[in-house]
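**Q** Sending over entry19.pdb (PDB, C-alpha atoms).
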ATOM      1  CA  ASP A 209      -9.409-129.253  29.493
ATOM      2  CA  THR A 210     -10.738-127.611  26.352
ATOM      3  CA  ILE A 211     -14.027-129.466  26.709
ATOM      4  CA  TRP A 212     -14.424-128.334  30.323
ATOM      5  CA  ALA A 213     -13.569-124.768  29.366
ATOM      6  CA  GLY A 214     -16.142-124.797  26.577
ATOM      7  CA  LEU A 215     -18.748-126.307  28.872
ATOM      8  CA  SER A 216     -18.075-123.622  31.484
ATOM      9  CA  ILE A 217     -18.549-120.850  28.936
ATOM     10  CA  VAL A 218     -21.742-122.379  27.522
ATOM     11  CA  LEU A 219     -23.168-122.788  31.011
ATOM     12  CA  GLY A 220     -22.213-119.190  31.769
ATOM     13  CA  TYR A 221     -24.200-118.075  28.735
ATOM     14  CA  LEU A 222     -27.222-120.172  29.730
ATOM     15  CA  LEU A 223     -27.149-118.830  33.274
ATOM     16  CA  GLY A 224     -27.048-115.286  31.967
ATOM     17  CA  ALA A 225     -29.825-116.047  29.498
ATOM     18  CA  ILE A 226     -32.386-116.767  32.234
ATOM     19  CA  PRO A 227     -34.827-113.861  31.653
ATOM     20  CA  VAL A 228     -35.324-112.857  35.277
ATOM     21  CA  GLY A 229     -36.983-109.522  34.521
ATOM     22  CA  LEU A 230     -39.482-111.133  32.171
ATOM     23  CA  LEU A 231     -40.319-113.881  34.663
ATOM     24  CA  VAL A 232     -40.737-111.441  37.555
ATOM     25  CA  GLY A 233     -42.909-109.163  35.427
ATOM     26  CA  ARG A 234     -45.227-112.004  34.541
ATOM     27  CA  TRP A 235     -45.364-113.179  38.141
ATOM     28  CA  VAL A 236     -45.879-109.773  39.771
ATOM     29  CA  ARG A 237     -48.154-108.016  37.262
ATOM     30  CA  GLY A 238     -48.876-110.530  34.531
ATOM     31  CA  ILE A 239     -47.100-108.453  31.882
ATOM     32  CA  ASP A 240     -44.173-108.734  29.511
ATOM     33  CA  ILE A 241     -41.958-105.794  30.514
ATOM     34  CA  ARG A 242     -40.436-105.825  27.038
ATOM     35  CA  GLU A 243     -43.666-104.216  25.842
ATOM     36  CA  TYR A 244     -43.043-101.128  27.973
ATOM     37  CA  GLY A 245     -40.389 -98.503  28.650
ATOM     38  CA  SER A 246     -37.026 -99.387  27.171
ATOM     39  CA  HIS A 247     -38.323-102.812  26.081
ATOM     40  CA  ARG A 248     -35.476-104.388  28.044
ATOM     41  CA  THR A 249     -35.610-107.034  30.764
ATOM     42  CA  GLY A 250     -33.184-105.436  33.217
ATOM     43  CA  ALA A 251     -33.709-103.891  36.630
ATOM     44  CA  THR A 252     -34.054-100.301  35.362
ATOM     45  CA  ASN A 253     -37.032-101.131  33.169
ATOM     46  CA  ALA A 254     -38.388-103.300  35.966
ATOM     47  CA  LEU A 255     -38.208-100.273  38.271
ATOM     48  CA  ARG A 256     -40.242 -98.169  35.878
ATOM     49  CA  THR A 257     -42.809-100.864  35.135
ATOM     50  CA  LEU A 258     -42.996-103.055  38.253
ATOM     51  CA  GLY A 259     -41.892-100.849  41.147
ATOM     52  CA  GLY A 260     -38.978-100.746  43.540
ATOM     53  CA  ARG A 261     -39.418-104.066  45.340
ATOM     54  CA  ALA A 262     -39.711-106.125  42.170
ATOM     55  CA  ALA A 263     -36.843-104.215  40.559
ATOM     56  CA  ALA A 264     -34.616-104.931  43.561
ATOM     57  CA  GLY A 265     -35.367-108.622  43.169
ATOM     58  CA  VAL A 266     -34.556-108.496  39.462
ATOM     59  CA  PHE A 267     -31.294-106.685  40.176
ATOM     60  CA  VAL A 268     -30.156-109.154  42.848
ATOM     61  CA  LEU A 269     -30.963-112.174  40.705
ATOM     62  CA  ASP A 270     -29.276-110.667  37.641
ATOM     63  CA  VAL A 271     -26.171-109.986  39.748
ATOM     64  CA  ALA A 272     -26.313-113.583  40.963
ATOM     65  CA  LYS A 273     -26.295-114.856  37.364
ATOM     66  CA  GLY A 274     -22.928-113.239  36.670
ATOM     67  CA  ALA A 275     -21.396-114.310  39.969
ATOM     68  CA  LEU A 276     -22.602-117.893  39.631
ATOM     69  CA  ALA A 277     -21.228-118.137  36.087
ATOM     70  CA  VAL A 278     -17.748-117.297  37.411
ATOM     71  CA  LEU A 279     -17.958-119.448  40.527
ATOM     72  CA  PHE A 280     -19.353-122.415  38.639
ATOM     73  CA  ALA A 281     -16.579-122.134  36.035
ATOM     74  CA  ARG A 282     -13.939-122.230  38.768
ATOM     75  CA  TRP A 283     -15.566-125.253  40.347
ATOM     76  CA  LEU A 284     -16.162-127.093  37.082
ATOM     77  CA  TYR A 285     -12.788-126.393  35.500
ATOM     78  CA  GLY A 286     -10.882-127.506  38.558
ATOM     79  CA  PRO A 287      -7.582-126.467  40.155
ATOM     80  CA  ASP A 288      -5.713-123.596  38.582
ATOM     81  CA  ALA A 289      -3.315-124.544  35.806
ATOM     82  CA  ALA A 290      -0.895-121.670  35.194
ATOM     83  CA  GLY A 291      -3.733-119.148  35.443
ATOM     84  CA  VAL A 292      -5.933-120.891  32.884
ATOM     85  CA  THR A 293      -8.825-121.275  35.325
ATOM     86  CA  GLU A 294      -9.140-117.510  35.731
ATOM     87  CA  TRP A 295      -9.252-117.069  31.964
ATOM     88  CA  VAL A 296     -12.096-119.588  31.810
ATOM     89  CA  ALA A 297     -13.847-117.909  34.741
ATOM     90  CA  ALA A 298     -13.521-114.488  33.099
ATOM     91  CA  ALA A 299     -14.791-115.849  29.779
ATOM     92  CA  SER A 300     -17.737-117.506  31.531
ATOM     93  CA  GLY A 301     -18.612-114.244  33.270
ATOM     94  CA  PHE A 302     -18.504-112.442  29.944
ATOM     95  CA  ALA A 303     -20.649-115.175  28.388
ATOM     96  CA  ALA A 304     -23.245-114.554  31.097
ATOM     97  CA  ILE A 305     -23.474-110.913  29.993
ATOM     98  CA  VAL A 306     -23.940-112.006  26.387
ATOM     99  CA  GLY A 307     -26.660-114.400  27.533
ATOM    100  CA  HIS A 308     -28.397-111.680  29.506
ATOM    101  CA  ASN A 309     -28.359-109.247  26.592
ATOM    102  CA  TRP A 310     -29.234-111.810  23.909
ATOM    103  CA  SER A 311     -31.128-114.613  25.627
ATOM    104  CA  VAL A 312     -31.757-117.733  23.589
ATOM    105  CA  PHE A 313     -34.889-118.277  25.689
ATOM    106  CA  ILE A 314     -36.615-115.066  24.519
ATOM    107  CA  ARG A 315     -35.556-114.799  20.881
ATOM    108  CA  PHE A 316     -32.241-113.120  21.648
ATOM    109  CA  SER A 317     -33.660-110.096  23.424
ATOM    110  CA  GLY A 318     -32.748-109.095  26.978
ATOM    111  CA  GLY A 319     -31.173-106.320  29.023
ATOM    112  CA  ARG A 320     -28.051-104.189  28.898
ATOM    113  CA  GLY A 321     -25.818-106.384  31.069
ATOM    114  CA  VAL A 322     -25.127-103.976  33.924
ATOM    115  CA  ALA A 323     -26.209-106.131  36.878
ATOM    116  CA  THR A 324     -24.882-109.370  35.392
ATOM    117  CA  SER A 325     -21.502-107.811  34.609
ATOM    118  CA  THR A 326     -21.411-106.482  38.163
ATOM    119  CA  GLY A 327     -22.016-109.949  39.559
ATOM    120  CA  ALA A 328     -19.188-111.410  37.506
ATOM    121  CA  LEU A 329     -16.880-108.591  38.619
ATOM    122  CA  ILE A 330     -17.751-109.226  42.274
ATOM    123  CA  ALA A 331     -16.759-112.871  41.865
ATOM    124  CA  LEU A 332     -13.611-112.086  39.870
ATOM    125  CA  VAL A 333     -12.179-109.013  41.632
ATOM    126  CA  PRO A 334     -14.291-108.017  44.666
ATOM    127  CA  VAL A 335     -12.037-105.051  45.479
ATOM    128  CA  ALA A 336     -12.690-103.497  42.073
ATOM    129  CA  ALA A 337     -16.430-103.825  42.584
ATOM    130  CA  LEU A 338     -16.155-102.160  45.994
ATOM    131  CA  ILE A 339     -14.296 -99.210  44.472
ATOM    132  CA  VAL A 340     -16.555 -98.740  41.460
ATOM    133  CA  ALA A 341     -19.915 -99.127  43.248
ATOM    134  CA  PRO A 342     -19.851 -95.903  45.312
ATOM    135  CA  ILE A 343     -18.642 -93.907  42.307
ATOM    136  CA  VAL A 344     -21.550 -95.197  40.241
ATOM    137  CA  GLY A 345     -23.915 -94.436  43.102
ATOM    138  CA  LEU A 346     -22.577 -90.879  43.338
ATOM    139  CA  VAL A 347     -23.025 -90.300  39.607
ATOM    140  CA  MET A 348     -26.615 -91.560  39.758
ATOM    141  CA  TRP A 349     -27.378 -89.446  42.820
ATOM    142  CA  ARG A 350     -25.851 -86.298  41.356
ATOM    143  CA  TRP A 351     -27.309 -86.434  37.846
ATOM    144  CA  ARG A 352     -30.313 -88.765  38.410
ATOM    145  CA  TYR A 353     -29.619 -90.931  35.379
ATOM    146  CA  VAL A 354     -29.250 -94.698  35.832
ATOM    147  CA  SER A 355     -27.778 -94.982  32.359
ATOM    148  CA  LEU A 356     -25.076 -92.396  33.055
ATOM    149  CA  GLY A 357     -24.058 -94.245  36.208
ATOM    150  CA  SER A 358     -24.003 -97.556  34.340
ATOM    151  CA  ILE A 359     -21.903 -96.169  31.488
ATOM    152  CA  SER A 360     -19.512 -94.503  33.927
ATOM    153  CA  GLY A 361     -19.095 -97.751  35.848
ATOM    154  CA  ALA A 362     -18.485 -99.751  32.681
ATOM    155  CA  ALA A 363     -15.781 -97.296  31.617
ATOM    156  CA  LEU A 364     -14.177 -97.253  35.066
ATOM    157  CA  VAL A 365     -13.943-101.016  35.623
ATOM    158  CA  PRO A 366     -10.971-101.698  33.299
ATOM    159  CA  VAL A 367      -9.170 -98.626  34.650
ATOM    160  CA  ILE A 368      -9.612 -99.726  38.262
ATOM    161  CA  VAL A 369      -8.643-103.331  37.499
ATOM    162  CA  ALA A 370      -5.539-102.118  35.643
ATOM    163  CA  LEU A 371      -4.506-100.024  38.648
ATOM    164  CA  LEU A 372      -5.061-102.942  41.007
ATOM    165  CA  LEU A 373      -3.001-105.150  38.698
ATOM    166  CA  LEU A 374      -0.125-102.647  38.587
ATOM    167  CA  LEU A 375      -0.196-102.221  42.363
ATOM    168  CA  ASP A 376      -0.596-105.974  42.911
ATOM    169  CA  ILE A 377      -3.698-105.427  45.051
ATOM    170  CA  GLY A 378      -6.886-107.444  45.359
ATOM    171  CA  GLY A 379      -5.734-110.442  43.342
ATOM    172  CA  ALA A 380      -6.292-108.690  40.011
ATOM    173  CA  GLY A 381      -4.737-110.419  37.028
ATOM    174  CA  VAL A 382      -4.536-110.123  33.268
ATOM    175  CA  PRO A 383      -7.666-112.284  32.755
ATOM    176  CA  HIS A 384      -9.604-109.878  34.947
ATOM    177  CA  LEU A 385      -8.355-106.890  32.989
ATOM    178  CA  ALA A 386      -9.423-108.584  29.768
ATOM    179  CA  TYR A 387     -12.834-109.179  31.322
ATOM    180  CA  GLY A 388     -13.108-105.533  32.355
ATOM    181  CA  LEU A 389     -12.279-104.305  28.861
ATOM    182  CA  ALA A 390     -14.633-106.744  27.124
ATOM    183  CA  ALA A 391     -17.509-106.341  29.577
ATOM    184  CA  GLY A 392     -17.149-102.566  29.697
ATOM    185  CA  THR A 393     -17.209-102.308  25.918
ATOM    186  CA  LEU A 394     -20.284-104.536  25.679
ATOM    187  CA  VAL A 395     -22.211-102.666  28.365
ATOM    188  CA  ILE A 396     -21.420 -99.259  26.863
ATOM    189  CA  ALA A 397     -22.391-100.484  23.392
ATOM    190  CA  ALA A 398     -25.700-101.729  24.813
ATOM    191  CA  HIS A 399     -26.385 -98.166  25.991
ATOM    192  CA  ALA A 400     -26.020 -96.606  22.537
ATOM    193  CA  ASP A 401     -29.631 -95.386  22.535
ATOM    194  CA  ASN A 402     -29.246 -94.010  26.062
ATOM    195  CA  ILE A 403     -26.143 -92.099  25.017
ATOM    196  CA  GLY A 404     -28.117 -90.536  22.188
ATOM    197  CA  ARG A 405     -30.886 -89.471  24.566
ATOM    198  CA  LEU A 406     -28.391 -88.134  27.110
ATOM    199  CA  ARG A 407     -26.823 -85.962  24.438
ATOM    200  CA  ALA A 408     -30.271 -84.800  23.325
ATOM    201  CA  GLY A 409     -31.414 -84.122  26.894
ATOM    202  CA  SER A 410     -34.362 -86.519  26.583
ATOM    203  CA  GLU A 411     -33.147 -89.374  28.777
ATOM    204  CA  ARG A 412     -35.547 -90.324  31.575
ATOM    205  CA  LYS A 413     -34.372 -89.643  35.098
ATOM    206  CA  ILE A 414     -34.650 -91.808  38.208
ATOM    207  CA  GLY A 415     -38.192 -91.761  39.534
ATOM    208  CA  GLN A 416     -39.998 -91.475  36.228
ATOM    209  CA  LYS A 417     -42.535 -94.274  35.975
ATOM    210  CA  GLU A 418     -43.913 -96.119  32.973
ATOM    211  CA  ARG A 419     -47.698 -96.174  32.660
ATOM    212  CA  ILE A 420     -49.058 -99.726  32.704
ATOM    213  CA  ASP A 421     -52.667-100.307  31.748
ATOM    214  CA  ALA A 422     -52.653-104.031  32.542
TER     215      ALA A 422
END
Can the structure in the file be given as structure tokens, please?

**A**
Amino acid sequence: DTIWAGLSIVLGYLLGAIPVGLLVGRWVRGIDIREYGSHRTGATNALRTLGGRAAAGVFVLDVAKGALAVLFARWLYGPDAAGVTEWVAAASGFAAIVGHNWSVFIRFSGGRGVATSTGALIALVPVAALIVAPIVGLVMWRWRYVSLGSISGAALVPVIVALLLLLDIGGAGVPHLAYGLAAGTLVIAAHADNIGRLRAGSERKIGQKERIDA
């Protein structure tokens, strides 16, 4: 069982480590998006450097990485054994975020983990994702900052999962709460530079493009 759990977590990391944004950037415009904007590989930098259609593709595929890490862990680890499977699934989802942010395939660079953490949350506790998503969308619409919406969502996830757990709604469990706390902390920490720019009033808003000479 320990071997299968370890394998699930390693595979979760490798799934998350697939540098979707980098691959799409090279395919669509022949550039390395890490050389522009925030120097990250996530959907937000893809939006500024590659445009809306490419960014949407990056976002969907990054979400899929997190969801697949959880679903594959459940399949690989087998039938639930006193809740152990959900702990492995949660750990694999978290590992996918780590892989996305520090990909072994691109010298441990990557994104901020927002889309990948969302995908894992969808697979773990779909109800929580459904509650958080419109709140994040409202924050982004009102203040026009992707980073502010992402940080708000990361902070809200453990709160929402805890409420669902207390109310016994949506199948939320302790492993999912642990995931929410760990993933939320990691995503917020990855936005440290954004938080500094938000406080300074220099953060870029939605719609601001990055100039690409290639």

**Q** Expand the PyMOL selection byres ((chain A and resi 219) around 12) into the explicit residue set it covers here, and present it as a PyMOL selection string.

**A** chain A and resi 212-218+220-226+273-274+276-281+284-285+296-297+299-307

**Q** Between atom CA of Ala400 of chain A and atom CA of Gly265 of chain A, what distance in Å does the model show, to one decimal?

**A** 25.6 Å

**Q** Report as an MDAnalysis selection string the full result of the PyMOL selection byres ((chain A and resi 327) around 6) when it is applied to this structure.

**A** chainID A and resid 271:272 274:275 324:326 328:330

**Q** Using only C-alpha atoms for the distances, tell me which of A:Ile359, A:Val312, A:Ile368, A:Ala390 is nearest to Ile339 of chain A.

**A** A:Ile368

**Q** Given the point (-17.0, -95.8, 35.9) in the file's coordinates, find the residues that have an atom at most 10 Å from it, counting all atoms listed in the file, and give them as JSON, numbers by chain.

**A** {"A": [339, 340, 341, 342, 343, 344, 347, 356, 357, 358, 359, 360, 361, 362, 363, 364, 365, 366, 367, 368, 392]}

**Q** What separation in Å, quoted to one decimal, exists between atom CA of Ala263 of chain A and atom CA of Val369 of chain A?

**A**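 Calculated distance between atom CA of Ala263 of chain A and atom CA of Val369 of chain A is 28.4 Å.
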
**Q** Selection in question (the file shown): the PyMOL selection byres ((chain A and resi 252-261) around 10). Which residues does it include, as a compact mmCIF listing (two decimals) with C-alpha atoms, in the coordinates of the input?

**A**
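Written output follows (expr32.txt):
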# COMPACT_ATOMS: atom_id res chain seq x y z
CA GLY A 229 -36.98 -109.52 34.52
CA LEU A 230 -39.48 -111.13 32.17
CA VAL A 232 -40.74 -111.44 37.56
CA GLY A 233 -42.91 -109.16 35.43
CA ARG A 234 -45.23 -112.00 34.54
CA VAL A 236 -45.88 -109.77 39.77
CA ARG A 237 -48.15 -108.02 37.26
CA ILE A 239 -47.10 -108.45 31.88
CA ASP A 240 -44.17 -108.73 29.51
CA ILE A 241 -41.96 -105.79 30.51
CA ARG A 242 -40.44 -105.82 27.04
CA GLU A 243 -43.67 -104.22 25.84
CA TYR A 244 -43.04 -101.13 27.97
CA GLY A 245 -40.39 -98.50 28.65
CA SER A 246 -37.03 -99.39 27.17
CA HIS A 247 -38.32 -102.81 26.08
CA ARG A 248 -35.48 -104.39 28.04
CA THR A 249 -35.61 -107.03 30.76
CA GLY A 250 -33.18 -105.44 33.22
CA ALA A 251 -33.71 -103.89 36.63
CA ALA A 262 -39.71 -106.12 42.17
CA ALA A 263 -36.84 -104.22 40.56
CA ALA A 264 -34.62 -104.93 43.56
CA GLY A 265 -35.37 -108.62 43.17
CA VAL A 266 -34.56 -108.50 39.46
CA PHE A 267 -31.29 -106.68 40.18
CA GLY A 319 -31.17 -106.32 29.02
CA ARG A 320 -28.05 -104.19 28.90
CA VAL A 322 -25.13 -103.98 33.92
CA ALA A 323 -26.21 -106.13 36.88
CA VAL A 354 -29.25 -94.70 35.83
CA SER A 355 -27.78 -94.98 32.36
CA ILE A 414 -34.65 -91.81 38.21
CA GLY A 415 -38.19 -91.76 39.53
CA GLN A 416 -40.00 -91.48 36.23
CA LYS A 417 -42.54 -94.27 35.98
CA GLU A 418 -43.91 -96.12 32.97
CA ARG A 419 -47.70 -96.17 32.66
CA ILE A 420 -49.06 -99.73 32.70

**Q** For each of A:Ala298, A:Leu346, A:Ala337, A:Leu406, take the minimum atom-to-atom distance to Ala386 of chain A, counting only C-alpha atoms, then give the residue where this is smallest.

**A**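 Checking each candidate against Ala386 of chain A, we get A:Ala298 as the closest.
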
**Q** Quick one: pull the distance between atom CA of Pro383 of chain A and atom CA of Gly345 of chain A, Å, one decimal.

**A**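 Pair atom CA of Pro383 of chain A / atom CA of Gly345 of chain A returns 26.3 Å.
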
**Q** Show me as a list in words the residues that reach within 8 Å of (-2.4, -103.2, 36.2), counting all atoms listed in the file and using the file's own coordinates.

**A** Val369, Ala370, Leu371, Leu372, Leu373, Leu374, Leu375, Asp376, Ala380, Gly381, Val382 and Leu385 of chain A

**Q** From the options A:His384, A:Pro334, A:Gly404, A:Trp235, which residue's atoms come nearest to Gly291 of chain A, counting all atoms listed in the file?

**A**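 Result for the nearest residue to Gly291 of chain A: A:His384.
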